[in-house]
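Down below is the structure, laid out as structure tokens.
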Amino acid sequence: MAAISVRNLHKNYGTLKAVDGVSFEVKDREIFGILGPNGAGKTTTLEMIETLREPDSGDILVDGIEVRKNEKKIKEIIGVQLQNTAFFDNLSVYENVDLFGSFYSNRRPVNELLEMVDLQDKKNSMLSELSGGQHKRVSIVLALVNDPRVVFLDEPTTGLDPQARRNIWEIIENLKAREKTVVITTHYIEEAERLCDRVAIMDHGKIIDIGTPAELVRRYSPESDISFKLAPEIDRAVIEKITGARNVRNDGGGGYIVTTGTPRETLLGILTAARENGANVDNISMKQASLEDVFLKMTGRRIRE
């Protein structure tokens, strides 16, 4: 049984179709990502699953339970980290977590939760004394106070510096190790590629496709770019005849970039052509497509435009 099942979900605001016929399933104990730009409908989709927003139509099951008919049951088995969490600033970190835990019949020990996110030494600190990354870790702790089966993290690293972002990634990976099902929304390509078992690409209220990051890259942007320099230079026509070379262009610095769908064969061809023409190959590197390229192929624009 899927941990989450969403069928034909709709949410309109006047003429705006914020969520337009969205359907997907999340497998048990996977990290599932919804990747898309701001305004794609990611947060609205999550809020309907989390019982925070009423759908116009559609069916949602979490752990086999109908969300729209069993809101109280659903709230006992899910944990939610919102983009902006309201804390009690006049309470310490420990007191905030303890207070939120008191809202549930099933709760985990506060010290155990703080240890999970490496905040034991901050438990007596006031929220105003914490950094942005530490605030985000507290918000994740609040999503875990009831030991949920399914955890929702909405843009968990937005606004954080690179080191703080990586700290959050480690926490999310540990949630999977603890056999949690995790759903995250993000507009960070690297985040989706590193964390997610599967990714749903979302834009303009619709899910365009779903797959593992590697599957989506193979499906929509299987080419790789091989960059290199030759000394001395050889006739460009020789390079254009190399096996698998689909496009050959100059890199502006005296080198070449070859686009290929068969990188191994093309790389061997470059080395062979250099040897046969008395040239040395320098500064050779290969760049494979990313989910950014996939999104560009699907929508005609970059994810942050």
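In the structure tokens, the first chain shown is A, the next is B, and so on; residue numbers restart at 1 for each chain, and ligands run from 1 in the order shown.
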field: Test item: residues at most 9 Å from Phe87 in chain A, only C-alpha atoms, excluding those fewer than 6 positions along its chain, as a list in words
entry: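 Neighbouring residues, sequence-local ones excluded: Asn96, Leu127 and Ser139 of chain A.
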Please report as JSON lines every residue of range 14-39 of chain A lying within 7 Å of range 174-181 of chain A, along with the nearest atom pair and their distance in Å (one decimal), using only C-alpha atoms.
{"residue": "A:Asp28", "atom": "CA", "partner": "A:Thr181", "partner_atom": "CA", "distance": 5.7}
{"residue": "A:Arg29", "atom": "CA", "partner": "A:Thr181", "partner_atom": "CA", "distance": 4.0}
{"residue": "A:Glu30", "atom": "CA", "partner": "A:Thr181", "partner_atom": "CA", "distance": 5.2}
{"residue": "A:Ile31", "atom": "CA", "partner": "A:Thr181", "partner_atom": "CA", "distance": 6.2}
message: Quick check, in Å to one decimal: how far apart do CA of Asp118 in chain A and CA of Pro156 in chain A lie?
response: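 Distance between the two atoms: 16.5 Å.
Restricting the calculation to only C-alpha atoms, the smallest distance between Thr185 in chain A and any of A:Val141, A:Met116, A:Val80, A:Leu61 is found for A:Val80.
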What are the closest atom pairs, with distances in Å to one decimal, for each residue of range 100-138 of chain A lying within 12 Å of range 163-172 of chain A, using only C-alpha atoms, rows by chain and rising residue number, as a tab-separated table?
residue	atom	partner	partner_atom	distance
A:Leu113	CA	A:Ile171	CA	11.2
A:Leu114	CA	A:Ile171	CA	11.4
A:Glu115	CA	A:Ile171	CA	10.9
A:Met116	CA	A:Ile171	CA	7.5
A:Val117	CA	A:Ile171	CA	6.4
A:Asp118	CA	A:Ile171	CA	9.3
A:Leu119	CA	A:Asn167	CA	11.8
A:Ser131	CA	A:Ala164	CA	9.5
A:Gly132	CA	A:Ala164	CA	8.2
A:Gly133	CA	A:Ala164	CA	5.2
A:Gln134	CA	A:Ala164	CA	8.2
A:His135	CA	A:Ala164	CA	10.5
A:Lys136	CA	A:Ile168	CA	8.0
A:Arg137	CA	A:Ile168	CA	7.1
A:Val138	CA	A:Ile168	CA	10.8
Produce a file of the selected residues containing C-alpha atoms, as a CSV table (one decimal), in the first residue's frame.
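Resulting contents of selection_15.csv:
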chain,number,residue,atom,x,y,z
A,113,LEU,CA,14.6,14.9,19.4
A,114,LEU,CA,17.1,17.6,20.1
A,115,GLU,CA,19.9,15.1,19.9
A,116,MET,CA,18.6,14.0,16.4
A,117,VAL,CA,19.2,17.5,15.1
A,118,ASP,CA,22.3,18.3,17.1
A,119,LEU,CA,20.7,21.0,19.3
A,131,SER,CA,20.8,31.2,13.8
A,132,GLY,CA,18.6,30.7,10.7
A,133,GLY,CA,19.8,27.2,10.3
A,134,GLN,CA,19.2,26.4,14.0
A,135,HIS,CA,15.6,27.9,13.7
A,136,LYS,CA,15.0,25.5,10.7
A,137,ARG,CA,16.2,22.5,12.8
A,138,VAL,CA,13.8,23.5,15.6
task: Give me the residues within 9 Å of range 217-224 of chain A as a PyMOL selection string, counting only C-alpha atoms and dropping any in the same chain fewer than 6 places off.
output: chain A and resi 258-263+286-291+293-295+297-298
message: If we count only C-alpha atoms and set the cut-off at 12 Å, which residues sit around range 274-279 of chain A, ignoring sequence neighbours fewer than 2 positions away in its own chain? Please answer as number ranges by chain.
response: A: 228-236, 238-239, 242, 267-272, 281-282
- prompt: What is the CA of Val110 in chain A-CA of Asn124 in chain A distance in Å, reported with one decimal?
  reply: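 Result for CA of Val110 in chain A versus CA of Asn124 in chain A: 12.0 Å, one decimal.
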field: Polymer residues at most 8 Å from Asp147 in chain A, only C-alpha atoms, same-chain spacing of 4 or more positions, as a ChimeraX atom specification
entry: /A:77,79,106-108
- prompt: What does the distance between CA of Arg198 in chain A and CA of Leu160 in chain A come to in Å, to one decimal place?
  reply: 23.6 Å
query: Using only C-alpha atoms, which residue out of A:Thr51, A:Asn38, A:Asn250, A:Ser285 lies closest to Glu66 in chain A?
result: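 Of A:Thr51, A:Asn38, A:Asn250, A:Ser285, the one nearest Glu66 in chain A is A:Thr51, counting only C-alpha atoms.
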- request: Report as number ranges by chain: the residues of range 39-233 of chain A with a DSSP assignment of alpha helix (DSSP H), based on the backbone of this structure.
  value: A: 42-49, 71-77, 93-101, 110-116, 132-142, 162-177, 189-195, 213-220
message: My list of candidates is A:Gly39, A:Pro213, A:Gly205, A:Pro109. Which is closest to Asn12 in chain A when distances are computed with only C-alpha atoms?
response: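 Nearest candidate to Asn12 in chain A out of A:Gly39, A:Pro213, A:Gly205, A:Pro109: A:Gly205.
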message: Between A:Gly159, A:Gly41, A:Gly14, A:Gly33, which residue has the minimum interatomic distance to Lys206 in chain A, considering only C-alpha atoms?
response: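 Answer, going by the shortest atom-to-atom distance: A:Gly41.
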Residue among A:Ile189, A:Val19, A:Met202, A:Ile284 lying closest to Gly58 in chain A, counting only C-alpha atoms: A:Val19
task: Output as a count of residues only all residues of range 57-216 of chain A that backbone DSSP marks as strand (DSSP E or B).
output: 37
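Using only C-alpha atoms, the protein and nucleic acid residues lying no more than 10 Å from Phe24 in chain A, apart from those fewer than 2 places from it along its own chain, are Ile4, Ser5, Val6, Arg7, Asn8, Leu9, Val22, Val26, Lys27, Ile60, Ala200, Ile207, Asp209 and Ile210 of chain A.
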If you count only C-alpha atoms, which residues fall within 9 Å of Gln83 in chain A, apart from same-chain ones fewer than 4 positions away, as a CSV table (one decimal) with N, CA, C and O atoms, in the first residue's frame?
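Listed below is the output, around15.csv:
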chain,number,residue,atom,x,y,z
A,43,THR,N,3.3,24.1,-2.5
A,43,THR,CA,2.8,24.3,-1.1
A,43,THR,C,1.3,24.0,-1.0
A,43,THR,O,0.9,23.4,0.0
A,153,LEU,N,8.0,18.3,4.6
A,153,LEU,CA,8.9,19.4,4.8
A,153,LEU,C,8.8,20.4,3.6
A,153,LEU,O,9.2,20.0,2.4
A,154,ASP,N,8.3,21.5,3.8
A,154,ASP,CA,8.0,22.5,2.8
A,154,ASP,C,9.2,23.5,2.6
A,154,ASP,O,9.4,24.3,3.5
A,155,GLU,N,9.9,23.4,1.5
A,155,GLU,CA,11.1,24.2,1.3
A,155,GLU,C,12.0,24.2,2.5
A,155,GLU,O,12.2,25.3,3.1
A,156,PRO,N,12.5,23.1,2.9
A,156,PRO,CA,13.2,23.0,4.2
A,156,PRO,C,14.5,23.8,4.3
A,156,PRO,O,15.0,24.0,5.4
A,158,THR,N,15.2,26.8,2.3
A,158,THR,CA,15.2,28.1,1.7
A,158,THR,C,15.8,29.2,2.6
A,158,THR,O,15.4,29.2,3.8
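Distance annotation: of A:Arg246, A:His187, A:His10, A:Lys72, the residue with the minimal separation from Glu54 in chain A is A:His10; atom set is only C-alpha atoms.
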